[in-house]
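Q: Provided herewith is a single structure, encoded as structure tokens, for subsequent inquiry.
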Amino acid sequence: MPALRSARAQIPQANYGIDMSESTENITMDDTEEFIPDQHELDVALDNMEFEDTPQPPAKRGRKRQIKAPPPPPPPPPAGPEMVGVRKPRRGGRQGGGTRLRPLVVEDGITLFDIVKSGRSALQAVIDDWIERYNNDRDPALLELMQFFIRSSGCKGTITMEMQEHMQHAQIIRRMTEEFDEDSGDYPLIMSGPVWKKFRANFCEFVSVLVRQCQYSIIYDQYLMDNVISLLTGLSDSQVRAFRHTSTLAVMKLMTALVDVALNLSVNKDFTQRQYEAERQKSQSKRATERLEVLMQKRKELEEQTEEIRNMLNYMFKSVFVHRYRDTLPDIRSICMGEIGIWMKKYPNMFLDDGYLKYIGWTLHDKVGDTRLKCLQSLLPLYQTEELGPKMELFTSKFKDRIVSMTLDKEYDVAVQGVKLIIAIQRNHKDILSDKDCEHVYELVYSSHRAVAQTAGEFLNVKLFTIDDDTPLAKSKRGKKRSPNTPLIRDLVQFFIESELHEHGAYLVDSLIDNNPMMKDWECMTDLLLEEPGKGEEALEDKIETSLIEIVVCTVRQSATGEPPVGRGPNRKLSTKEQRQIIDDKVKLTEHFIQTLPALLAKYIQDEEKIANLMTIPQYFELEIYTTSRQEKCLENLLKLIHEIVLRHTNTEVLEACAKTYELLCSDEYAIKGKCEVARATLLDQLMEKFREAYQAFIEEGEEADDEEEFALLTSMNRITSFIDCHDMTAYNLWEPLMTLIKAASDDKHVPDPIVCKSIRCCVNLLTWSLANLDNHNPDKNALKQLKRNLNEFMSLCRLLITSARDAAEEEAFLAVCDLLIIFSKQLANNAVLAALSYEPDVNLSGQLTGFIECKVFIDDEDEDQDEHQKIEELHKRRNFLASFSKLVVYNIVSIRNAADVFKHYCRFYNDYGDIIKTALGKSREINKVTCARTLAVSLTSVFKEVQAEHGGRINRGSEGFGALKELARRFSMSFGLDLVRNREAIASLHREGIIFALNPLENPEEPRGPPPNIAFLEIMCEFSNKLMKQDKKTVLQYLEKHMSRATHLMRGEEWSPYVTYKNSLLHHGTHASEFEPTVQKHREPKEHKPRRARGKRKAEQEQGAGDAADVVAQPTRQSKRVRATAPADEEESEQGSERDFETGKASQLRKEPRRKAKPSAGKKTTRLWENSSEVDEEDAGEDEDEMHIEDEDEMHIEDEEEEDGFLQTPTRGRSRVSAFAS
């Protein structure tokens, strides 16, 4: 009898679009299958790689136990081209002459499948019972196990005892394929829900436990494993995806379990060998000959069992893995890649060989991220084991570049695993990675994905930031020992400087703060800044000091808040442990910087950039420590330094940092509030004194003021502007001098724009502070009147500035008006005592704001010489303008109609402002759906007029501008969503506005017998016809015909086609006649043909109607139940999906149903899960169940119509039958 490992050569291989031979060089694939590696890369890899064939185990000497194959059976019936015959191993009889004790079921109709599915029984006990039944009568027990695998595949067919005794496995599989349930494309392994998720785990465990419990007995009986492996191998070659998926998983888990058996045999063999050697080394008198013979016999038996297990593994690998690792189903490929890694890790003597490693290397190029992830996960433990390094050398040399490139994978999980693999290679094989390879990973610490960045940070720790215990600790000039982290901090700063991303220090810190304790070694960092360098140390350069201070501030911020930088994912809820860690870190950094911060401020007080960073550190203090640890002296030093910094610097960042720090120090909840308020009042008094002096000098000089007076006034106003944002300065009588400056600017007097902008900003803050200081229940009447007077005066001046030619002042005035309209909006009317302060914009102000947006926001960047950074700043500023105006629309402060000029730019400026406009549109619809719809109509008509003006008063419907207008209408249409009832009135009003515009005037002054000049706008309105309900379409059609009834000329010619198109869109029950194409395959009557006169007549009438516009009434195309029921769903899957299509620049494409296959003729059975159509069929089955909601009367009516047209119903899977025919 031939061995099992050679039996595969006798089995013809199935061809499912791929070459099943072991050569991977000539792989051919069907259109529906995807080849995993890139063809060019695979060819290069194969050309450069000289792998040996998978080694066969050496032939054993002496008596060799073989897994016997059966004698040739009688020739089976010829198999179809799609199925493969698998030779079935020999059927055994009853063992031990016993009678058949157990039937197929375990008890009371409960099968193995039911037990595994329920998961309520211990699998070991279940399998022990099955083994007992197998020992008593193995045929029924084997049948029970075979039935378990069939049921686990989702097949409800039953294998009978007669089938088992008289049919080959290939014939059984073919029979099960014919009986496969066609009602659903699901099967247990892919079904959702906790029950089936648990079943998958139990299924894998069942296979493992089965082998483990049988490893000392029936696994070697040449019957059980022969039949199980033969059945699973045949199933894995099936075209039925459920069979192939389930059997491949079973085979892979079976091989993993056999690997464990082989390991146990190896351990027992080594132990027996040691016992044998120990017995042999005894003296002749003490040596036991019988024991030597027993040990020799036991060793020989273990070797035979090991050889038999290896034969099984080799056979299954070549029969299943070699063909399924490139299966069309990604889950199957992932299973193969996951299990082969386990084999290599557990049994490297057999599997850790280039002949097996090459499969992982090739699959690294898989198109599916999960499969690539499994490859990396399989390689990771191999590289983490130093002893396995020599066996990986060839593989690493061939696939290292691919592994490095996977650190940039578009799937973040794959990128993370790729970086982890690079870390393992660096730890155990340091000479493999080049500097260029490492640089690819270095840059990932700035990635926007936090997991990728932190893993790259871990690589940095391994590669660069590792403490060298042999290096002696350095000392500062005064003899203080440096921290062991000192050289690492220096390297970190140097890395930060060389990366040339100095504005992203927070990202670098976030990548490393959880992986390296040096990031919180603030004492080491401040020592480097404050201590003089000792002997042999290099002094820090200015650039290094600036970068180190930035890193210090970033570590302080993240340690005190626990928040990652902006862009590193959403802020998650912190665990209790993390919150406790944050509190501890905050106390630790406060205790340290209370002492060292004054010294740092004093040292760098002249450097604006350093001071701006250092001044933010007190904002993260635990301020109670000043009191509890009696650090009042340090507080006084800090306040003195802040005072000096404010008076010395004019930089906005420095001043704002100082103002924010004062705000926190003066908080009511801290005991240090009193002392800090005194220091703040002293500082503000001094600032006001300087401002009055500078203001007086500037006013006195008037038009003759020189640069010195202007600079003095501007610097003093910089300080006041920074503090007035955080501190109430209404008591300092700033209003009059500030208004004087603004009035001078509005009168076109010489006032520098920076001074005007600062004055406007201060006035806005003064008005806000005045409103906040009012008592909501009993406000001071004089203060109320004064505030109202100041508000009106300020708004009048800002309206003048908005129309001025001073760009900076104009922009600042616009922002001020938008902010104050929100602060003093009609919401104040809810409080009767504050209602007088409400300020509502009039028509002129709304027009001014809209005109500003049109002129300042929706402009094209034509300055090619402008720096990229400047372009980003300009875009940010324009987005701020648009957001400020959009808030007025969203809060219903200005009329929604004023947003028409914004909405019309939705498509053109989508990349720059699409998110803002979309949000404003959605919020506007929540305020008033009808008004919003009319506003959209105004936007469309405005664009239509612009396109019309570009072509000299005529519309070219093939022009780019008209196409852009149609796209804008499509976007507006999709923004209404799928709820036709909710938007019913709004859509109707939009159609009304569109018809009035298109047909007014009805007479064309340039061409008396021509169509109305705006008739082409009706083609734009077709985009909204699919949002009308059926009864509303009739109403809109009547309204259209009412307006057209006044036309005195014939409607002929191409110019009237927009009217024809629009009218047809209202006549049809769907959206557009061309939007739904019948895709269900038509079947003719096999015996009797019915005339098609109705269809031919209708087609002729339509052709005639196209030429005679006077009689245009398009015959409504009859549609099947499926088409009519799914019309809204087919128009757009969801608003989000449409958004994604638009962002990628693709026009919406009409969805077409896949053609259904004809029903098979009698006597032939087919399955619906063939690989080429499985995904489509599953989709259709779900659609049939979800979308068929047709009344019985309609169904009968449609069926009658179809019979007249000579088409048959096409049977479909699901709960209902759908009739479909061509239009």
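Following the order of the structure tokens, first chain is A, next is B, and so on, with residues numbered from 1 inside each chain and ligands from 1 in the order they appear.
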Which residues are close to Ser942 in chain A, i.e. within 9 Å by only C-alpha atoms, leaving aside same-chain residues fewer than 3 positions away? Reply as a list in words.
A: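 What passes the distance filter is Ala900, Asp901, Lys904, Ala937, Val938, Ser939, Lys945, Glu946 and Val947 of chain A.
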Q: Which residues, written as a PyMOL selection string, have at least one atom at most 9 Å from range 685-695 of chain A, with only C-alpha atoms counted and residues fewer than 5 positions away on the same chain left out?
A: chain A and resi 647+680+700+709-717+719-720+732+734+737
Q: Could you dump the residues just selected with N, CA, C and O atoms as a PDB file, in the first residue's frame?
A:
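out.pdb, freshly written:
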```
ATOM      1  N   LEU A 647       6.913  93.937  31.643  1.00  0.00           N
ATOM      2  CA  LEU A 647       7.394  95.281  31.344  1.00  0.00           C
ATOM      3  C   LEU A 647       8.538  95.282  30.341  1.00  0.00           C
ATOM      4  O   LEU A 647       8.769  96.293  29.666  1.00  0.00           O
ATOM      5  N   ARG A 680      -0.957  91.581  40.681  1.00  0.00           N
ATOM      6  CA  ARG A 680      -1.604  91.866  39.403  1.00  0.00           C
ATOM      7  C   ARG A 680      -2.079  93.309  39.316  1.00  0.00           C
ATOM      8  O   ARG A 680      -1.906  93.983  38.290  1.00  0.00           O
ATOM      9  N   GLU A 700      -1.366 114.211  20.825  1.00  0.00           N
ATOM     10  CA  GLU A 700      -0.825 115.560  20.712  1.00  0.00           C
ATOM     11  C   GLU A 700      -0.087 115.760  19.398  1.00  0.00           C
ATOM     12  O   GLU A 700      -0.170 116.824  18.773  1.00  0.00           O
ATOM     13  N   GLU A 709       6.563 107.601  18.721  1.00  0.00           N
ATOM     14  CA  GLU A 709       5.269 107.679  19.406  1.00  0.00           C
ATOM     15  C   GLU A 709       4.373 106.497  19.026  1.00  0.00           C
ATOM     16  O   GLU A 709       3.669 105.930  19.869  1.00  0.00           O
ATOM     17  N   GLU A 710       4.376 106.142  17.737  1.00  0.00           N
ATOM     18  CA  GLU A 710       3.561 104.998  17.315  1.00  0.00           C
ATOM     19  C   GLU A 710       4.016 103.712  17.984  1.00  0.00           C
ATOM     20  O   GLU A 710       3.183 102.906  18.428  1.00  0.00           O
ATOM     21  N   PHE A 711       5.314 103.502  18.068  1.00  0.00           N
ATOM     22  CA  PHE A 711       5.832 102.287  18.689  1.00  0.00           C
ATOM     23  C   PHE A 711       5.494 102.245  20.174  1.00  0.00           C
ATOM     24  O   PHE A 711       5.107 101.185  20.717  1.00  0.00           O
ATOM     25  N   ALA A 712       5.607 103.365  20.856  1.00  0.00           N
ATOM     26  CA  ALA A 712       5.289 103.402  22.284  1.00  0.00           C
ATOM     27  C   ALA A 712       3.825 103.069  22.527  1.00  0.00           C
ATOM     28  O   ALA A 712       3.466 102.309  23.447  1.00  0.00           O
ATOM     29  N   LEU A 713       2.935 103.655  21.701  1.00  0.00           N
ATOM     30  CA  LEU A 713       1.508 103.362  21.859  1.00  0.00           C
ATOM     31  C   LEU A 713       1.196 101.909  21.528  1.00  0.00           C
ATOM     32  O   LEU A 713       0.408 101.247  22.223  1.00  0.00           O
ATOM     33  N   LEU A 714       1.808 101.393  20.461  1.00  0.00           N
ATOM     34  CA  LEU A 714       1.531 100.014  20.048  1.00  0.00           C
ATOM     35  C   LEU A 714       2.007  99.014  21.097  1.00  0.00           C
ATOM     36  O   LEU A 714       1.296  98.040  21.402  1.00  0.00           O
ATOM     37  N   THR A 715       3.188  99.219  21.670  1.00  0.00           N
ATOM     38  CA  THR A 715       3.692  98.283  22.684  1.00  0.00           C
ATOM     39  C   THR A 715       2.817  98.301  23.936  1.00  0.00           C
ATOM     40  O   THR A 715       2.531  97.245  24.529  1.00  0.00           O
ATOM     41  N   SER A 716       2.393  99.507  24.346  1.00  0.00           N
ATOM     42  CA  SER A 716       1.534  99.567  25.531  1.00  0.00           C
ATOM     43  C   SER A 716       0.185  98.907  25.250  1.00  0.00           C
ATOM     44  O   SER A 716      -0.394  98.240  26.118  1.00  0.00           O
ATOM     45  N   MET A 717      -0.338  99.055  24.030  1.00  0.00           N
ATOM     46  CA  MET A 717      -1.611  98.430  23.688  1.00  0.00           C
ATOM     47  C   MET A 717      -1.459  96.914  23.546  1.00  0.00           C
ATOM     48  O   MET A 717      -2.412  96.162  23.814  1.00  0.00           O
ATOM     49  N   ARG A 719       0.358  95.032  25.469  1.00  0.00           N
ATOM     50  CA  ARG A 719       0.279  94.515  26.834  1.00  0.00           C
ATOM     51  C   ARG A 719      -1.162  94.544  27.339  1.00  0.00           C
ATOM     52  O   ARG A 719      -1.641  93.577  27.951  1.00  0.00           O
ATOM     53  N   ILE A 720      -1.865  95.666  27.064  1.00  0.00           N
ATOM     54  CA  ILE A 720      -3.244  95.771  27.546  1.00  0.00           C
ATOM     55  C   ILE A 720      -4.138  94.739  26.847  1.00  0.00           C
ATOM     56  O   ILE A 720      -4.981  94.086  27.476  1.00  0.00           O
ATOM     57  N   TYR A 732     -10.615 100.886  34.471  1.00  0.00           N
ATOM     58  CA  TYR A 732      -9.494 101.758  34.118  1.00  0.00           C
ATOM     59  C   TYR A 732      -9.877 102.799  33.051  1.00  0.00           C
ATOM     60  O   TYR A 732      -8.997 103.488  32.519  1.00  0.00           O
ATOM     61  N   LEU A 734     -10.880 102.811  29.855  1.00  0.00           N
ATOM     62  CA  LEU A 734     -10.202 102.662  28.564  1.00  0.00           C
ATOM     63  C   LEU A 734     -11.096 103.008  27.378  1.00  0.00           C
ATOM     64  O   LEU A 734     -10.598 103.203  26.269  1.00  0.00           O
ATOM     65  N   PRO A 737     -10.485 106.653  25.223  1.00  0.00           N
ATOM     66  CA  PRO A 737      -9.309 106.740  24.343  1.00  0.00           C
ATOM     67  C   PRO A 737      -9.329 105.734  23.199  1.00  0.00           C
ATOM     68  O   PRO A 737      -8.894 106.029  22.086  1.00  0.00           O
TER      69      PRO A 737
END
```
Q: Quick one: everything within 12 Å of Asp780 in chain A, counting only C-alpha atoms, minus sequence neighbours fewer than 5 positions away in the same chain. Send it as a ChimeraX atom specification.
A: /A:770-771,773-775,785-787,833-834
Q: Would you please work out which residue, of A:Lys1027, A:Lys286, A:Arg241, A:Arg970, is nearest to His991 in chain A when using only C-alpha atoms?
A: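 Of A:Lys1027, A:Lys286, A:Arg241, A:Arg970, the one nearest His991 in chain A, counting only C-alpha atoms, is A:Lys1027.
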Q: Within 12 Å of Gln1038 in chain A, counting only C-alpha atoms, which residues show up once you throw out same-chain ones fewer than 6 positions away? Write them as an MDAnalysis selection string, please.
A: chainID A and resid 992 995 1031:1032 1044:1045 1063 1066:1067
Q: So that I can check the secondary structure, give me every residue of range 290-357 of chain A assigned alpha helix (DSSP H) by backbone DSSP, as a ChimeraX atom specification.
A: /A:290-316,322-324,330-346,348-351,354-357
Q: Produce a file of the selected residues containing C-alpha atoms, as a short mmCIF file (atom, residue, chain, number, x, y, z; two decimals), in the first residue's frame.
A:
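Result file is selection_34.cif:
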```cif
data_model
loop_
_atom_site.label_atom_id
_atom_site.label_comp_id
_atom_site.auth_asym_id
_atom_site.auth_seq_id
_atom_site.Cartn_x
_atom_site.Cartn_y
_atom_site.Cartn_z
CA GLU A 290 15.73 -6.87 29.38
CA ARG A 291 15.44 -3.20 30.27
CA LEU A 292 17.79 -2.30 27.41
CA GLU A 293 15.62 -4.24 25.00
CA VAL A 294 12.45 -2.56 26.30
CA LEU A 295 13.99 0.90 25.98
CA MET A 296 15.29 0.10 22.49
CA GLN A 297 11.87 -1.13 21.43
CA LYS A 298 10.19 1.93 22.95
CA ARG A 299 12.61 4.26 21.16
CA LYS A 300 11.98 2.49 17.88
CA GLU A 301 8.23 2.79 18.36
CA LEU A 302 8.52 6.50 19.14
CA GLU A 303 10.60 7.03 16.01
CA GLU A 304 7.99 5.26 13.90
CA GLN A 305 5.21 7.36 15.44
CA THR A 306 7.20 10.53 14.83
CA GLU A 307 7.76 9.54 11.23
CA GLU A 308 4.07 8.83 10.82
CA ILE A 309 3.12 12.23 12.26
CA ARG A 310 5.62 13.94 9.95
CA ASN A 311 4.10 12.08 6.99
CA MET A 312 0.66 13.38 7.95
CA LEU A 313 1.97 16.93 8.33
CA ASN A 314 3.78 16.81 5.00
CA TYR A 315 0.74 15.42 3.24
CA MET A 316 -1.67 18.02 4.63
CA VAL A 322 0.16 25.02 -0.64
CA HIS A 323 -3.11 25.65 -2.48
CA ARG A 324 -5.10 27.58 0.11
CA PRO A 330 -8.89 36.58 2.63
CA ASP A 331 -10.00 34.73 5.77
CA ILE A 332 -8.56 31.48 4.43
CA ARG A 333 -5.26 33.15 3.60
CA SER A 334 -5.15 34.68 7.06
CA ILE A 335 -5.77 31.29 8.68
CA CYS A 336 -2.90 29.75 6.75
CA MET A 337 -0.47 32.52 7.62
CA GLY A 338 -1.46 32.49 11.27
CA GLU A 339 -1.00 28.75 11.72
CA ILE A 340 2.28 28.36 9.83
CA GLY A 341 3.83 30.83 12.26
CA ILE A 342 2.74 28.63 15.15
CA TRP A 343 4.29 25.58 13.51
CA MET A 344 7.58 27.35 12.93
CA LYS A 345 7.73 28.57 16.50
CA LYS A 346 6.80 25.23 18.07
CA PRO A 348 11.42 24.66 14.07
CA ASN A 349 13.27 21.44 13.27
CA MET A 350 10.69 20.66 10.62
CA PHE A 351 9.02 23.93 9.62
CA ASP A 354 13.39 28.30 3.65
CA GLY A 355 10.99 25.95 1.88
CA TYR A 356 8.27 27.01 4.31
CA LEU A 357 9.38 30.59 5.05
#
```
Q: Can you list, as an NGL selection string, every protein, DNA or RNA residue that comes within 12 Å of Val943 in chain A when you count only C-alpha atoms, leaving out same-chain residues fewer than 2 positions away?
A: :A and (900-908 or 936-941 or 945-950 or 955 or 961-969 or 1017 or 1020)
Q: Can you spit out the residues from that selection as a compact mmCIF listing (two decimals), in the first residue's frame, using N, CA and C atoms?
A:
```
# COMPACT_ATOMS: atom_id res chain seq x y z
N ALA A 900 -27.09 82.09 0.89
CA ALA A 900 -27.14 81.60 -0.50
C ALA A 900 -25.81 81.80 -1.20
N ASP A 901 -25.18 82.94 -0.95
CA ASP A 901 -23.90 83.20 -1.60
C ASP A 901 -22.78 82.34 -1.03
N VAL A 902 -23.02 81.73 0.11
CA VAL A 902 -22.04 80.78 0.68
C VAL A 902 -22.28 79.39 0.12
N PHE A 903 -23.54 78.96 0.11
CA PHE A 903 -23.86 77.61 -0.34
C PHE A 903 -23.48 77.37 -1.80
N LYS A 904 -23.54 78.41 -2.61
CA LYS A 904 -23.28 78.21 -4.03
C LYS A 904 -21.82 77.85 -4.30
N HIS A 905 -20.94 78.07 -3.34
CA HIS A 905 -19.53 77.73 -3.51
C HIS A 905 -19.18 76.35 -2.92
N TYR A 906 -20.22 75.57 -2.59
CA TYR A 906 -20.00 74.29 -1.91
C TYR A 906 -19.06 73.38 -2.69
N CYS A 907 -19.29 73.23 -3.96
CA CYS A 907 -18.46 72.32 -4.77
C CYS A 907 -17.13 72.94 -5.13
N ARG A 908 -17.14 74.17 -5.53
CA ARG A 908 -15.93 74.80 -6.04
C ARG A 908 -14.85 74.90 -4.97
N LEU A 936 -31.37 77.30 -1.17
CA LEU A 936 -30.62 76.49 -2.12
C LEU A 936 -31.03 76.83 -3.55
N ALA A 937 -32.32 77.07 -3.75
CA ALA A 937 -32.78 77.46 -5.08
C ALA A 937 -32.16 78.79 -5.50
N VAL A 938 -32.07 79.74 -4.56
CA VAL A 938 -31.42 81.02 -4.86
C VAL A 938 -29.96 80.81 -5.23
N SER A 939 -29.28 79.92 -4.50
CA SER A 939 -27.88 79.63 -4.81
C SER A 939 -27.74 79.08 -6.22
N LEU A 940 -28.63 78.16 -6.59
CA LEU A 940 -28.55 77.56 -7.92
C LEU A 940 -28.85 78.58 -9.01
N THR A 941 -29.86 79.39 -8.78
CA THR A 941 -30.18 80.40 -9.80
C THR A 941 -29.06 81.43 -9.96
N LYS A 945 -27.13 82.13 -13.45
CA LYS A 945 -26.97 83.45 -14.07
C LYS A 945 -25.51 83.74 -14.40
N GLU A 946 -24.61 83.31 -13.52
CA GLU A 946 -23.19 83.51 -13.79
C GLU A 946 -22.75 82.73 -15.02
N VAL A 947 -23.21 81.46 -15.11
CA VAL A 947 -22.88 80.65 -16.29
C VAL A 947 -23.48 81.27 -17.54
N GLN A 948 -24.69 81.78 -17.39
CA GLN A 948 -25.37 82.40 -18.53
C GLN A 948 -24.62 83.64 -19.00
N ALA A 949 -24.12 84.43 -18.04
CA ALA A 949 -23.38 85.64 -18.40
C ALA A 949 -22.06 85.31 -19.08
N GLU A 950 -21.43 84.20 -18.68
CA GLU A 950 -20.16 83.81 -19.29
C GLU A 950 -20.32 83.49 -20.77
N ILE A 955 -27.13 79.64 -22.75
CA ILE A 955 -26.62 78.52 -21.95
C ILE A 955 -26.13 77.41 -22.86
N GLY A 961 -19.02 74.89 -16.95
CA GLY A 961 -19.76 75.59 -15.92
C GLY A 961 -21.12 74.99 -15.66
N PHE A 962 -21.83 74.58 -16.72
CA PHE A 962 -23.14 73.96 -16.55
C PHE A 962 -23.01 72.60 -15.87
N GLY A 963 -21.94 71.86 -16.22
CA GLY A 963 -21.70 70.58 -15.55
C GLY A 963 -21.44 70.76 -14.06
N ALA A 964 -20.68 71.82 -13.72
CA ALA A 964 -20.43 72.10 -12.30
C ALA A 964 -21.72 72.47 -11.59
N LEU A 965 -22.61 73.18 -12.28
CA LEU A 965 -23.90 73.53 -11.68
C LEU A 965 -24.74 72.28 -11.42
N LYS A 966 -24.74 71.34 -12.33
CA LYS A 966 -25.47 70.09 -12.12
C LYS A 966 -24.89 69.30 -10.95
N GLU A 967 -23.58 69.30 -10.83
CA GLU A 967 -22.95 68.62 -9.70
C GLU A 967 -23.34 69.28 -8.38
N LEU A 968 -23.40 70.61 -8.37
CA LEU A 968 -23.83 71.32 -7.17
C LEU A 968 -25.27 70.95 -6.81
N ALA A 969 -26.13 70.88 -7.81
CA ALA A 969 -27.52 70.48 -7.56
C ALA A 969 -27.59 69.05 -7.02
N PHE A 1017 -32.66 75.69 -16.96
CA PHE A 1017 -32.63 75.46 -15.50
C PHE A 1017 -33.48 74.27 -15.10
N ILE A 1020 -31.52 71.29 -14.43
CA ILE A 1020 -30.93 71.28 -13.09
C ILE A 1020 -31.94 70.75 -12.08
```
Q: I'd like the neighbourhood of Ile159 in chain A as a list in words, where a residue qualifies if any of its atoms comes within 9 Å (using only C-alpha atoms), though same-chain residues fewer than 4 positions away should be ignored.
A: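 Counting only the stated atoms, we get Leu143, Glu144, Met146, Gln147, Ile150, Met163, Gln164, Ile172, Arg175 and Met176 of chain A.
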Q: Report the distance between CA of Ala657 in chain A and CA of Leu623 in chain A in Å, rounded to one decimal place.
A: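 It comes out at 16.9 Å.
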Q: Between A:Phe858, A:Tyr220, A:Tyr670, A:Trp130, which is the closest to Thr628 in chain A once you count only C-alpha atoms?
A: A:Tyr670
Q: Considering only C-alpha atoms, can you say which of A:Ala539, A:Leu460, A:Val894, A:Ile916 comes closest to Thr850 in chain A?
A: A:Val894
Q: If we count only C-alpha atoms, what is near Asp128 in chain A at a cut-off of 10 Å, once residues fewer than 3 positions away on the same chain are taken out, given as a PyMOL selection string?
A: chain A and resi 123-125+131-134+209-210+213-214
Q: Residues of the last selection are to be written out with N, CA, C and O atoms, as a PDB file, in the first residue's frame.
A:
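Writing the result to result32.pdb gives the following:
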```pdb
ATOM      1  N   LEU A 123     -15.575  19.857  26.405  1.00  0.00           N
ATOM      2  CA  LEU A 123     -15.236  19.162  25.176  1.00  0.00           C
ATOM      3  C   LEU A 123     -14.428  17.906  25.435  1.00  0.00           C
ATOM      4  O   LEU A 123     -14.550  16.913  24.706  1.00  0.00           O
ATOM      5  N   GLN A 124     -13.600  17.929  26.455  1.00  0.00           N
ATOM      6  CA  GLN A 124     -12.784  16.738  26.742  1.00  0.00           C
ATOM      7  C   GLN A 124     -13.667  15.549  27.090  1.00  0.00           C
ATOM      8  O   GLN A 124     -13.435  14.427  26.624  1.00  0.00           O
ATOM      9  N   ALA A 125     -14.709  15.777  27.892  1.00  0.00           N
ATOM     10  CA  ALA A 125     -15.621  14.686  28.238  1.00  0.00           C
ATOM     11  C   ALA A 125     -16.395  14.221  27.013  1.00  0.00           C
ATOM     12  O   ALA A 125     -16.608  13.011  26.817  1.00  0.00           O
ATOM     13  N   ILE A 131     -14.588   8.718  21.760  1.00  0.00           N
ATOM     14  CA  ILE A 131     -13.508   7.726  21.621  1.00  0.00           C
ATOM     15  C   ILE A 131     -13.990   6.364  22.098  1.00  0.00           C
ATOM     16  O   ILE A 131     -13.673   5.323  21.487  1.00  0.00           O
ATOM     17  N   GLU A 132     -14.777   6.367  23.147  1.00  0.00           N
ATOM     18  CA  GLU A 132     -15.317   5.086  23.636  1.00  0.00           C
ATOM     19  C   GLU A 132     -16.221   4.457  22.586  1.00  0.00           C
ATOM     20  O   GLU A 132     -16.159   3.240  22.341  1.00  0.00           O
ATOM     21  N   ARG A 133     -17.074   5.299  21.971  1.00  0.00           N
ATOM     22  CA  ARG A 133     -17.930   4.756  20.914  1.00  0.00           C
ATOM     23  C   ARG A 133     -17.088   4.283  19.730  1.00  0.00           C
ATOM     24  O   ARG A 133     -17.406   3.279  19.097  1.00  0.00           O
ATOM     25  N   TYR A 134     -16.026   4.987  19.426  1.00  0.00           N
ATOM     26  CA  TYR A 134     -15.153   4.594  18.317  1.00  0.00           C
ATOM     27  C   TYR A 134     -14.488   3.254  18.604  1.00  0.00           C
ATOM     28  O   TYR A 134     -14.380   2.401  17.704  1.00  0.00           O
ATOM     29  N   VAL A 209      -8.502  19.222  20.899  1.00  0.00           N
ATOM     30  CA  VAL A 209      -8.727  18.244  21.976  1.00  0.00           C
ATOM     31  C   VAL A 209      -8.877  16.844  21.401  1.00  0.00           C
ATOM     32  O   VAL A 209      -8.420  15.858  22.005  1.00  0.00           O
ATOM     33  N   LEU A 210      -9.498  16.734  20.233  1.00  0.00           N
ATOM     34  CA  LEU A 210      -9.658  15.420  19.604  1.00  0.00           C
ATOM     35  C   LEU A 210      -8.294  14.773  19.367  1.00  0.00           C
ATOM     36  O   LEU A 210      -8.076  13.599  19.699  1.00  0.00           O
ATOM     37  N   GLN A 213      -6.507  13.898  22.781  1.00  0.00           N
ATOM     38  CA  GLN A 213      -7.037  12.727  23.482  1.00  0.00           C
ATOM     39  C   GLN A 213      -6.763  11.426  22.736  1.00  0.00           C
ATOM     40  O   GLN A 213      -6.786  10.356  23.331  1.00  0.00           O
ATOM     41  N   CYS A 214      -6.515  11.548  21.439  1.00  0.00           N
ATOM     42  CA  CYS A 214      -6.272  10.336  20.641  1.00  0.00           C
ATOM     43  C   CYS A 214      -4.787  10.073  20.413  1.00  0.00           C
ATOM     44  O   CYS A 214      -4.435   9.099  19.735  1.00  0.00           O
TER      45      CYS A 214
END
```
Q: Work out how far apart CA of Val678 in chain A and CA of Asn651 in chain A are and give it in Å to one decimal.
A: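 Rounded to one decimal, the two atoms are 24.2 Å apart.
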Q: Using only C-alpha atoms, which residue out of A:Arg954, A:Asp514, A:Leu329, A:Val462 lies closest to Asn1004 in chain A?
A: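 Nearest candidate to Asn1004 in chain A out of A:Arg954, A:Asp514, A:Leu329, A:Val462: A:Arg954.
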Q: Determine the nearest neighbour of Ala612 in chain A from the options A:Ile582, A:Val553, A:Val452, A:Ile219, counting only C-alpha atoms.
A: A:Val553
